[in-house]
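Below is the file data.tsv, which contains TSV, C-alpha atoms and all ligand atoms.
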```
chain	number	residue	atom	x	y	z
A	1	MET	CA	98.18	66.44	84.31
A	2	PRO	CA	95.30	64.70	86.03
A	3	GLN	CA	96.85	65.08	89.48
A	4	ASN	CA	96.83	68.85	89.23
A	5	ASN	CA	93.44	68.93	87.55
A	6	LYS	CA	91.97	67.33	90.66
A	7	GLU	CA	93.19	70.24	92.66
A	8	ILE	CA	91.80	72.98	90.42
A	9	ILE	CA	89.25	75.01	92.36
A	10	ILE	CA	88.65	77.83	89.88
A	11	ASN	CA	89.17	77.62	86.16
A	12	LEU	CA	88.86	80.69	83.96
A	13	LYS	CA	88.60	79.79	80.30
A	14	ASN	CA	88.97	82.34	77.54
A	15	LEU	CA	87.31	85.07	79.58
A	16	THR	CA	86.61	88.14	77.50
A	17	LYS	CA	84.90	91.38	78.43
A	18	ARG	CA	84.22	94.26	76.10
A	19	PHE	CA	82.94	97.73	76.89
A	20	GLY	CA	81.63	98.94	73.54
A	21	SER	CA	84.45	98.49	71.06
A	22	PHE	CA	87.06	98.36	73.83
A	23	THR	CA	88.23	94.94	75.03
A	24	ALA	CA	89.05	95.20	78.73
A	25	VAL	CA	89.81	91.49	79.24
A	26	SER	CA	90.80	89.30	76.35
A	27	ASN	CA	90.91	85.49	76.22
A	28	PHE	CA	91.98	85.24	79.82
A	29	ASN	CA	92.85	81.72	81.02
A	30	LEU	CA	93.79	80.89	84.59
A	31	GLU	CA	93.71	77.75	86.67
A	32	ILE	CA	93.73	78.24	90.41
A	33	ARG	CA	94.51	75.24	92.58
A	34	LYS	CA	93.21	74.56	96.05
A	35	GLY	CA	95.34	76.04	98.81
A	36	GLU	CA	97.29	78.40	96.56
A	37	ILE	CA	97.80	82.11	96.90
A	38	ILE	CA	97.74	83.64	93.43
A	39	GLY	CA	98.83	87.25	93.02
A	40	LEU	CA	97.39	89.16	90.09
A	41	LEU	CA	99.60	92.02	89.01
A	42	GLY	CA	99.13	94.56	86.28
A	43	PRO	CA	99.19	98.30	85.63
A	44	ASN	CA	96.18	100.59	86.07
A	45	GLY	CA	93.46	99.66	83.63
A	46	ALA	CA	94.96	96.24	82.87
A	47	GLY	CA	91.71	94.40	83.61
A	48	LYS	CA	92.24	93.05	87.15
A	49	THR	CA	89.02	94.39	88.66
A	50	THR	CA	87.06	93.48	85.53
A	51	THR	CA	88.30	89.88	85.77
A	52	MET	CA	87.32	89.64	89.43
A	53	LYS	CA	83.96	91.25	88.78
A	54	MET	CA	83.23	88.59	86.16
A	55	ILE	CA	83.94	85.85	88.70
A	56	ALA	CA	81.64	87.61	91.19
A	57	ARG	CA	79.05	87.93	88.43
A	58	LEU	CA	78.95	91.68	88.90
A	59	LEU	CA	79.75	91.70	85.18
A	60	ASN	CA	78.81	89.11	82.61
A	61	PRO	CA	81.60	87.93	80.35
A	62	ASP	CA	81.06	88.41	76.62
A	63	GLU	CA	82.90	85.18	75.99
A	64	GLY	CA	84.46	82.43	78.01
A	65	GLU	CA	83.62	80.35	81.02
A	66	ILE	CA	84.15	80.36	84.77
A	67	TRP	CA	84.33	76.98	86.51
A	68	ILE	CA	84.13	76.74	90.29
A	69	LYS	CA	84.52	73.64	92.44
A	70	ASP	CA	81.39	72.51	94.23
A	71	ASN	CA	81.08	69.20	96.08
A	72	GLY	CA	84.22	67.86	94.50
A	73	ASN	CA	83.33	68.78	90.91
A	74	LEU	CA	84.11	71.79	88.79
A	75	GLU	CA	80.82	73.42	87.80
A	76	LEU	CA	80.25	75.99	85.08
A	77	LEU	CA	79.06	79.25	86.65
A	78	THR	CA	75.68	80.32	85.29
A	79	GLY	CA	72.86	82.59	86.38
A	80	LYS	CA	71.10	79.56	87.82
A	81	ASN	CA	73.79	78.17	90.10
A	82	MET	CA	75.57	81.41	90.95
A	83	VAL	CA	74.22	81.63	94.51
A	84	THR	CA	75.43	78.13	95.39
A	85	LEU	CA	78.77	78.43	93.65
A	86	LEU	CA	79.58	81.94	94.83
A	87	ASP	CA	78.89	80.96	98.44
A	88	HIS	CA	82.26	79.21	98.32
A	89	ILE	CA	83.93	82.54	97.69
A	90	GLY	CA	84.47	85.67	99.75
A	91	PHE	CA	84.85	88.79	97.64
A	92	LEU	CA	86.38	92.17	98.24
A	93	ILE	CA	86.11	94.14	95.04
A	94	GLU	CA	87.20	97.76	94.79
A	95	ASN	CA	87.05	100.04	97.81
A	96	PRO	CA	84.54	98.80	100.32
A	97	THR	CA	81.84	101.30	101.25
A	98	PHE	CA	79.82	100.90	104.40
A	99	TYR	CA	76.98	102.88	105.90
A	100	GLU	CA	78.73	105.33	108.19
A	101	HIS	CA	76.29	104.89	111.06
A	102	MET	CA	76.68	101.10	111.16
A	103	THR	CA	79.08	99.19	113.38
A	104	PRO	CA	81.35	96.24	112.44
A	105	ARG	CA	79.08	93.96	114.50
A	106	LYS	CA	76.02	94.96	112.47
A	107	ILE	CA	77.78	94.97	109.12
A	108	LEU	CA	79.40	91.58	109.64
A	109	SER	CA	76.22	89.95	110.92
A	110	TYR	CA	74.41	91.28	107.87
A	111	PHE	CA	77.00	89.69	105.54
A	112	ALA	CA	77.06	86.45	107.55
A	113	ILE	CA	73.26	86.10	107.39
A	114	LEU	CA	73.25	86.98	103.71
A	115	LYS	CA	75.75	84.20	103.06
A	116	GLY	CA	73.82	81.68	105.15
A	117	TYR	CA	76.37	81.29	107.92
A	118	PRO	CA	74.84	79.38	110.89
A	119	LYS	CA	73.08	82.04	112.99
A	120	LYS	CA	74.17	80.73	116.37
A	121	LYS	CA	77.82	80.87	115.40
A	122	ILE	CA	77.73	84.42	114.05
A	123	PRO	CA	78.59	86.39	117.22
A	124	LYS	CA	81.69	84.28	117.90
A	125	ARG	CA	82.72	84.37	114.25
A	126	ILE	CA	82.51	88.18	114.22
A	127	GLU	CA	84.81	88.39	117.24
A	128	GLU	CA	87.19	85.93	115.62
A	129	VAL	CA	87.57	87.81	112.34
A	130	LEU	CA	87.82	91.22	113.98
A	131	ALA	CA	90.61	89.88	116.18
A	132	LEU	CA	92.43	88.76	113.02
A	133	VAL	CA	92.83	92.38	111.95
A	134	GLY	CA	93.09	94.01	115.37
A	135	LEU	CA	89.64	95.62	115.32
A	136	THR	CA	88.30	93.91	118.45
A	137	ASP	CA	87.90	97.18	120.36
A	138	TRP	CA	85.97	98.72	117.47
A	139	ILE	CA	83.24	96.12	117.27
A	140	ASP	CA	80.50	98.53	118.38
A	141	LYS	CA	81.94	101.79	117.03
A	142	LYS	CA	80.40	103.56	114.08
A	143	VAL	CA	82.24	103.01	110.80
A	144	GLY	CA	81.99	106.76	110.16
A	145	THR	CA	84.74	107.23	112.75
A	146	PHE	CA	87.09	104.70	111.10
A	147	SER	CA	90.28	105.58	109.24
A	148	LYS	CA	90.70	104.50	105.60
A	149	GLY	CA	92.90	101.57	106.62
A	150	MET	CA	90.41	100.41	109.23
A	151	LYS	CA	87.62	100.44	106.65
A	152	GLN	CA	89.86	98.45	104.33
A	153	LYS	CA	90.50	95.86	107.06
A	154	LEU	CA	86.77	95.64	107.71
A	155	GLY	CA	86.31	95.06	103.97
A	156	VAL	CA	88.79	92.18	104.05
A	157	VAL	CA	87.12	90.49	107.02
A	158	SER	CA	83.65	91.00	105.57
A	159	ALA	CA	84.88	88.84	102.67
A	160	LEU	CA	85.81	86.01	104.99
A	161	ILE	CA	83.03	86.28	107.57
A	162	HIS	CA	81.19	83.20	106.25
A	163	ASP	CA	84.40	81.17	106.26
A	164	PRO	CA	84.56	80.59	102.49
A	165	ASP	CA	87.08	78.20	100.89
A	166	ILE	CA	88.16	80.83	98.40
A	167	LEU	CA	88.94	84.52	98.80
A	168	ILE	CA	89.01	86.90	95.87
A	169	LEU	CA	90.42	90.20	97.00
A	170	ASP	CA	90.93	93.23	94.79
A	171	GLU	CA	93.81	95.25	96.22
A	172	PRO	CA	93.18	94.22	99.82
A	173	GLN	CA	96.25	96.03	101.09
A	174	THR	CA	95.65	99.39	99.47
A	175	GLY	CA	95.69	102.17	102.02
A	176	LEU	CA	97.21	100.05	104.75
A	177	ASP	CA	100.33	101.19	106.59
A	178	PRO	CA	103.42	98.93	106.59
A	179	LYS	CA	102.52	97.33	109.93
A	180	ALA	CA	98.97	96.58	108.81
A	181	ARG	CA	100.29	95.26	105.49
A	182	ARG	CA	102.54	92.86	107.34
A	183	GLU	CA	99.63	91.79	109.55
A	184	THR	CA	97.39	91.12	106.57
A	185	ARG	CA	100.24	89.27	104.86
A	186	GLU	CA	100.52	87.05	107.92
A	187	MET	CA	96.74	86.64	107.96
A	188	PHE	CA	96.74	85.47	104.33
A	189	LEU	CA	99.43	82.91	105.11
A	190	LYS	CA	97.47	81.72	108.13
A	191	LEU	CA	94.37	81.34	105.96
A	192	LYS	CA	96.40	79.45	103.38
A	193	ASN	CA	97.61	77.11	106.13
A	194	GLN	CA	93.96	76.45	106.97
A	195	GLY	CA	93.55	75.29	103.37
A	196	LYS	CA	91.99	78.45	101.93
A	197	THR	CA	92.65	79.53	98.37
A	198	ILE	CA	93.39	83.21	97.80
A	199	PHE	CA	93.33	85.16	94.55
A	200	LEU	CA	94.38	88.73	95.14
A	201	SER	CA	95.26	91.66	92.96
A	202	SER	CA	97.77	94.27	93.95
A	203	HIS	CA	100.20	96.94	92.89
A	204	LEU	CA	102.43	96.10	95.83
A	205	LEU	CA	104.99	93.87	94.18
A	206	TYR	CA	106.85	93.09	97.38
A	207	GLU	CA	103.67	92.03	99.20
A	208	VAL	CA	102.70	89.79	96.32
A	209	SER	CA	106.12	88.23	95.87
A	210	GLU	CA	106.34	87.43	99.58
A	211	ILE	CA	103.12	85.44	99.83
A	212	SER	CA	102.11	84.22	96.39
A	213	ASP	CA	102.65	80.66	95.24
A	214	ARG	CA	102.17	81.79	91.68
A	215	ILE	CA	102.01	85.20	90.09
A	216	ALA	CA	99.80	86.16	87.16
A	217	ILE	CA	100.65	89.29	85.23
A	218	ILE	CA	97.95	90.95	83.16
A	219	ASN	CA	98.52	93.76	80.70
A	220	GLN	CA	95.96	95.35	78.39
A	221	GLY	CA	93.49	92.62	79.27
A	222	LYS	CA	95.83	89.76	78.41
A	223	LEU	CA	97.57	87.30	80.68
A	224	ILE	CA	101.24	87.72	79.84
A	225	ALA	CA	102.83	85.54	82.52
A	226	PHE	CA	101.71	82.99	85.07
A	227	ASP	CA	104.21	81.06	87.11
A	228	THR	CA	105.99	80.73	90.43
A	229	MET	CA	108.15	83.64	91.52
A	230	LYS	CA	111.21	81.42	91.17
A	231	ASN	CA	110.38	80.41	87.60
A	232	LEU	CA	109.50	83.95	86.62
A	233	GLU	CA	112.84	85.13	87.92
A	234	MET	CA	114.65	82.36	86.08
A	235	ALA	CA	112.73	82.94	82.89
A	236	SER	CA	113.46	86.63	82.94
A	237	LYS	CA	117.12	85.61	82.76
A	238	ASP	CA	118.28	89.04	83.73
A	239	ILE	CA	118.50	89.32	87.47
A	240	LYS	CA	120.21	91.91	89.57
A	241	LEU	CA	122.74	90.76	92.10
A	242	GLN	CA	123.69	93.28	94.75
A	243	ILE	CA	127.26	93.35	95.98
A	244	GLN	CA	128.19	95.53	98.91
A	245	LEU	CA	131.85	95.98	99.73
A	246	MET	CA	133.34	96.54	103.16
A	247	GLU	CA	134.52	99.97	102.11
A	248	LEU	CA	133.61	102.17	99.21
A	249	PRO	CA	136.61	102.15	96.83
A	250	VAL	CA	138.31	105.46	96.06
A	251	ASP	CA	138.29	104.65	92.36
A	252	ILE	CA	134.80	103.29	91.78
A	253	GLU	CA	135.22	102.81	88.03
A	254	LYS	CA	138.41	100.82	88.51
A	255	LYS	CA	136.68	98.54	91.01
A	256	ARG	CA	133.69	98.20	88.69
A	257	VAL	CA	135.94	97.02	85.86
A	258	GLU	CA	137.70	94.61	88.21
A	259	LEU	CA	134.39	93.12	89.38
A	260	GLU	CA	133.13	92.88	85.83
A	261	GLU	CA	136.18	90.90	84.73
A	262	ILE	CA	135.69	88.44	87.57
A	263	ILE	CA	131.93	88.03	87.14
A	264	LEU	CA	131.60	88.11	83.35
A	265	PRO	CA	132.31	84.40	82.68
A	266	TYR	CA	129.68	83.25	85.18
A	267	THR	CA	126.61	85.33	84.37
A	268	GLY	CA	124.96	82.94	81.93
A	269	LEU	CA	124.14	86.00	79.80
A	270	LYS	CA	125.34	86.68	76.30
A	271	LEU	CA	126.37	90.22	77.17
A	272	LYS	CA	130.07	90.95	76.88
A	273	SER	CA	130.04	94.09	79.01
A	274	LYS	CA	127.74	96.33	81.08
A	275	ILE	CA	127.35	93.48	83.52
A	276	VAL	CA	128.40	95.43	86.57
A	277	SER	CA	127.25	98.90	87.46
A	278	PHE	CA	127.52	101.09	90.52
A	279	ASN	CA	124.34	102.19	92.25
A	280	PRO	CA	125.20	105.60	93.73
A	281	GLU	CA	122.02	105.78	95.80
A	282	LEU	CA	122.61	102.50	97.62
A	283	LYS	CA	126.39	102.76	97.34
A	284	ILE	CA	126.64	99.20	96.12
A	285	PHE	CA	127.65	97.40	92.95
A	286	GLU	CA	125.02	95.57	90.94
A	287	ALA	CA	125.79	92.67	88.64
A	288	ARG	CA	123.43	91.16	86.09
A	289	PHE	CA	123.20	87.41	85.75
A	290	ASN	CA	120.68	84.80	84.60
A	291	GLY	CA	119.31	84.05	88.06
A	292	GLU	CA	120.60	80.49	88.26
A	293	LEU	CA	121.74	79.50	91.71
A	294	THR	CA	124.78	77.62	90.39
A	295	ASN	CA	125.95	80.82	88.70
A	296	GLN	CA	125.22	82.84	91.80
A	297	ARG	CA	127.35	80.46	93.86
A	298	LYS	CA	130.16	80.51	91.29
A	299	ILE	CA	130.20	84.32	91.25
A	300	LEU	CA	130.46	84.40	95.04
A	301	GLU	CA	133.22	81.79	94.96
A	302	GLU	CA	135.25	83.74	92.40
A	303	LEU	CA	134.83	87.04	94.24
A	304	THR	CA	135.97	85.43	97.48
A	305	LYS	CA	138.90	83.76	95.73
A	306	LYS	CA	140.02	87.14	94.41
A	307	GLU	CA	139.72	88.48	97.98
A	308	ILE	CA	137.06	91.05	97.19
A	309	ASP	CA	135.92	92.34	100.57
A	310	ILE	CA	132.18	91.58	100.41
A	311	VAL	CA	129.85	92.27	103.32
A	312	ASN	CA	126.59	91.67	101.51
A	313	PHE	CA	125.74	89.57	98.46
A	314	SER	CA	122.09	89.12	97.56
A	315	VAL	CA	119.32	89.06	94.98
A	316	PRO	CA	116.62	91.38	96.27
A	317	ARG	CA	113.29	89.65	95.62
A	318	ALA	CA	111.16	92.73	95.17
A	319	ASN	CA	113.66	94.23	92.73
A	320	ALA	CA	113.71	91.05	90.69
A	321	LEU	CA	109.94	91.09	90.39
A	322	GLU	CA	109.87	94.80	89.68
A	323	ASP	CA	112.46	94.43	86.92
A	324	LEU	CA	110.58	91.51	85.41
A	325	TYR	CA	107.27	93.32	85.69
A	326	ILE	CA	108.64	96.37	83.91
A	327	GLN	CA	110.24	94.18	81.22
A	328	LEU	CA	106.99	92.34	80.57
A	329	ILE	CA	104.74	95.37	80.66
A	330	ALA	CA	107.05	97.24	78.33
A	331	GLY	CA	106.99	94.22	76.03
A	332	VAL	CA	110.76	94.05	75.94
A	333	ALA	CA	111.99	90.83	74.40
A	334	THR	CA	115.70	91.06	73.80
A	335	GLU	CA	118.05	88.13	73.47
A	336	GLU	CA	118.67	88.15	77.18
A	337	VAL	CA	115.03	88.34	78.16
A	338	ALA	CA	112.68	85.42	77.70
A	339	GLU	CA	109.69	85.87	75.43
A	340	PRO	CA	106.75	86.47	77.74
A	341	GLN	CA	104.91	83.60	76.06
A	342	ALA	CA	107.58	81.20	77.26
A	343	ILE	CA	106.72	81.75	80.89
A	344	ILE	CA	102.99	81.51	80.67
A	345	LYS	CA	101.39	78.71	82.60
A	346	GLY	CA	104.48	76.92	83.80
A	347	ASP	CA	103.95	73.85	85.85
A	348	ARG	CA	107.63	73.70	86.55
A	349	GLY	CA	109.13	73.78	89.97
A	350	ASP	CA	106.06	73.01	92.03
B	401	LIG	N1	82.01	99.83	83.26
B	401	LIG	C1	82.96	100.15	82.40
B	401	LIG	N2	82.68	100.80	81.26
B	401	LIG	C2	83.67	101.09	80.37
B	401	LIG	N3	84.96	100.77	80.56
B	401	LIG	C3	85.29	100.13	81.68
B	401	LIG	C4	84.33	99.78	82.67
B	401	LIG	N4	84.94	99.13	83.67
B	401	LIG	C5	86.26	99.09	83.32
B	401	LIG	N5	86.46	99.68	82.13
B	401	LIG	C6	87.75	99.79	81.44
B	401	LIG	O1	88.35	98.52	81.39
B	401	LIG	C7	89.74	98.60	81.59
B	401	LIG	C8	90.13	97.69	82.72
B	401	LIG	O2	89.65	98.23	83.94
B	401	LIG	P1	89.89	97.54	85.34
B	401	LIG	O3	89.15	98.34	86.33
B	401	LIG	O4	89.58	96.11	85.22
B	401	LIG	O5	91.47	97.72	85.50
B	401	LIG	P2	92.38	97.37	86.75
B	401	LIG	O6	93.44	96.43	86.26
B	401	LIG	O7	91.55	96.92	87.88
B	401	LIG	O8	93.07	98.77	87.06
B	401	LIG	P3	93.46	99.47	88.46
B	401	LIG	O9	94.82	98.94	88.79
B	401	LIG	O10	93.54	100.91	88.11
B	401	LIG	O11	92.43	99.14	89.48
B	401	LIG	C9	90.05	100.06	81.83
B	401	LIG	O12	90.51	100.62	80.63
B	401	LIG	C10	88.72	100.65	82.20
B	401	LIG	O13	88.61	102.00	81.80
B	402	MG	MG	91.20	97.68	89.76
```
For this file, produce the structure as structure tokens.
Amino acid sequence: MPQNNKEIIINLKNLTKRFGSFTAVSNFNLEIRKGEIIGLLGPNGAGKTTTMKMIARLLNPDEGEIWIKDNGNLELLTGKNMVTLLDHIGFLIENPTFYEHMTPRKILSYFAILKGYPKKKIPKRIEEVLALVGLTDWIDKKVGTFSKGMKQKLGVVSALIHDPDILILDEPQTGLDPKARRETREMFLKLKNQGKTIFLSSHLLYEVSEISDRIAIINQGKLIAFDTMKNLEMASKDIKLQIQLMELPVDIEKKRVELEEIILPYTGLKLKSKIVSFNPELKIFEARFNGELTNQRKILEELTKKEIDIVNFSVPRANALEDLYIQLIAGVATEEVAEPQAIIKGDRGD
């Protein structure tokens, strides 16, 4: 697809990293297009940080290639051109550590100078980026007095101080409270709107599903899925639909059976039962279906026709991703669940 190729800004080809006899990242392929937010998900030890460290050249790959766009062309990253190529990228890898006695103004000017940002523009740029994360009033305070979340925010802005085209952020939202997470989420979207490309790793499935154009899932060093949220959901073919009734029925099991009979023909799944269950924690019914919107609409239509008193009917996004994530990581591949291979590198739907 030449059109898409033009847009590729980072291309990881067969990246492999071994530590002794242990392979931390294995034949990892990923194409990142300009202007995308890519979320990298995977359990502890999956190889997320190792992958990012290889792009930053903090680690040398044992095999494979990293291509980065420079002046309109993809260039192979080598020891010789790393300074030029990596100037296009802002990195935050693992927990940022700063000298406790330094202030954000000093730290950020140091990074800006290091990255060759025009000297005259540095003071204004520092104010700009600190405002992005609400640290304006802390510009001259010692980092030693900062909370964990504030240090994390400073880490994120130190990655973007030189206004790079690409941001590679390893768990940028770790340690942030919900308000700060929302603020950083909004910041990432703002940066995307400015044309920036963002590759971020996370354990926060909701955060990732909300902002990512495509999601890459890595497990035991291998890329096991890479697609849009929508396609991943569809491919997983086993999506939870939440149904909340006006009133909790007296006989829950009877209602469950009734709902199951109505929904069963429209799930798109091969299952003949166990489609509907009751979630006692949320006090709602949950129905499984294949995630297709036409089926979702049909189910709603049938429930309404049968005068089921629904007050809420939805597919919770985070749950869908969490279910899929667990399915993929566990390597489950039943009849109802797509083979992970089938959803790698989809170009569908975008
Ligand atoms: N320098 C090293 N020497 C030996 N093994 C390493 C080294 N760095 C990473 N590893 C191993 O490589 C694997 C991948 O580690 P990595 O830090 O990339 O995982 P991760 O996906 O970032 O995990 P987390 O979510 O916990 O941050 C782990 O098993 C880890 O122990
Ligand atoms: Mg890590």
Once you count all atoms listed in the file, what closest atom pair and distance in Å to one decimal does each residue of chain A within 10 Å of ligand LIG 401 (chain B) have, with rows by chain and rising residue number, as a tab-separated table?
```
residue	atom	partner	partner_atom	distance
A:Lys17	CA	B:LIG401	O1	8.5
A:Arg18	CA	B:LIG401	N3	7.9
A:Phe19	CA	B:LIG401	C2	4.9
A:Gly20	CA	B:LIG401	C2	7.4
A:Ser21	CA	B:LIG401	C2	9.7
A:Phe22	CA	B:LIG401	N3	7.5
A:Thr23	CA	B:LIG401	O1	7.3
A:Ala24	CA	B:LIG401	O1	4.3
A:Val25	CA	B:LIG401	C8	7.1
A:Leu40	CA	B:LIG401	O6	9.1
A:Leu41	CA	B:LIG401	O6	8.1
A:Gly42	CA	B:LIG401	O6	6.0
A:Pro43	CA	B:LIG401	O9	5.4
A:Asn44	CA	B:LIG401	O10	3.4
A:Gly45	CA	B:LIG401	O5	3.3
A:Ala46	CA	B:LIG401	O6	3.7
A:Gly47	CA	B:LIG401	O4	3.2
A:Lys48	CA	B:LIG401	O6	3.7
A:Thr49	CA	B:LIG401	O7	3.7
A:Thr50	CA	B:LIG401	O4	3.7
A:Thr51	CA	B:LIG401	O4	6.4
A:Met52	CA	B:LIG401	O4	8.0
A:Lys53	CA	B:LIG401	O4	8.2
A:Met54	CA	B:LIG401	O4	9.9
A:Leu59	CA	B:LIG401	N1	8.7
A:Ile93	CA	B:LIG401	O7	9.4
A:Glu94	CA	B:LIG401	O11	7.6
A:Asn95	CA	B:LIG401	O11	10.0
A:Asp170	CA	B:LIG401	O7	7.9
A:Glu171	CA	B:LIG401	O11	7.9
A:Ser201	CA	B:LIG401	O7	8.2
A:Ser202	CA	B:LIG401	O9	7.6
A:His203	CA	B:LIG401	O9	7.1
A:Ile218	CA	B:LIG401	O6	7.7
A:Asn219	CA	B:LIG401	O6	8.0
A:Gln220	CA	B:LIG401	C8	7.6
A:Gly221	CA	B:LIG401	C8	7.0
```
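Residue nearest Asp177 of chain A, chosen from A:Val156, A:Met150, A:Ile224, A:Val257 and counting all atoms listed in the file: A:Met150.
Rounded to one decimal, atom CA of Glu233 of chain A and atom CA of Glu261 of chain A lie 24.3 Å from each other.
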Nearest residue to Pro123 of chain A from the set A:Thr304, A:Gln242, A:Thr145, A:Ser109 (distances using all atoms listed in the file):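 Nearest to Pro123 of chain A: A:Ser109.
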Which residue of A:Leu58, A:Leu114, A:Leu169, A:Ile299 approaches ligand MG 402 (chain B) most closely, using all atoms listed in the file: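 Checking each candidate against ligand MG 402 (chain B), we get A:Leu169 as the closest.
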Å distance separating atom CA of Phe285 of chain A from atom CA of Arg256 of chain A, one decimal place: 7.4 Å
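The space separating atom CA of Glu210 of chain A from atom CA of Met229 of chain A comes to 9.1 Å.
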Selection near Lys254 of chain A, 12 Å with only C-alpha atoms, sequence-local residues under 6 positions removed, as a PyMOL selection string: chain A and resi 248+260-261+276-278
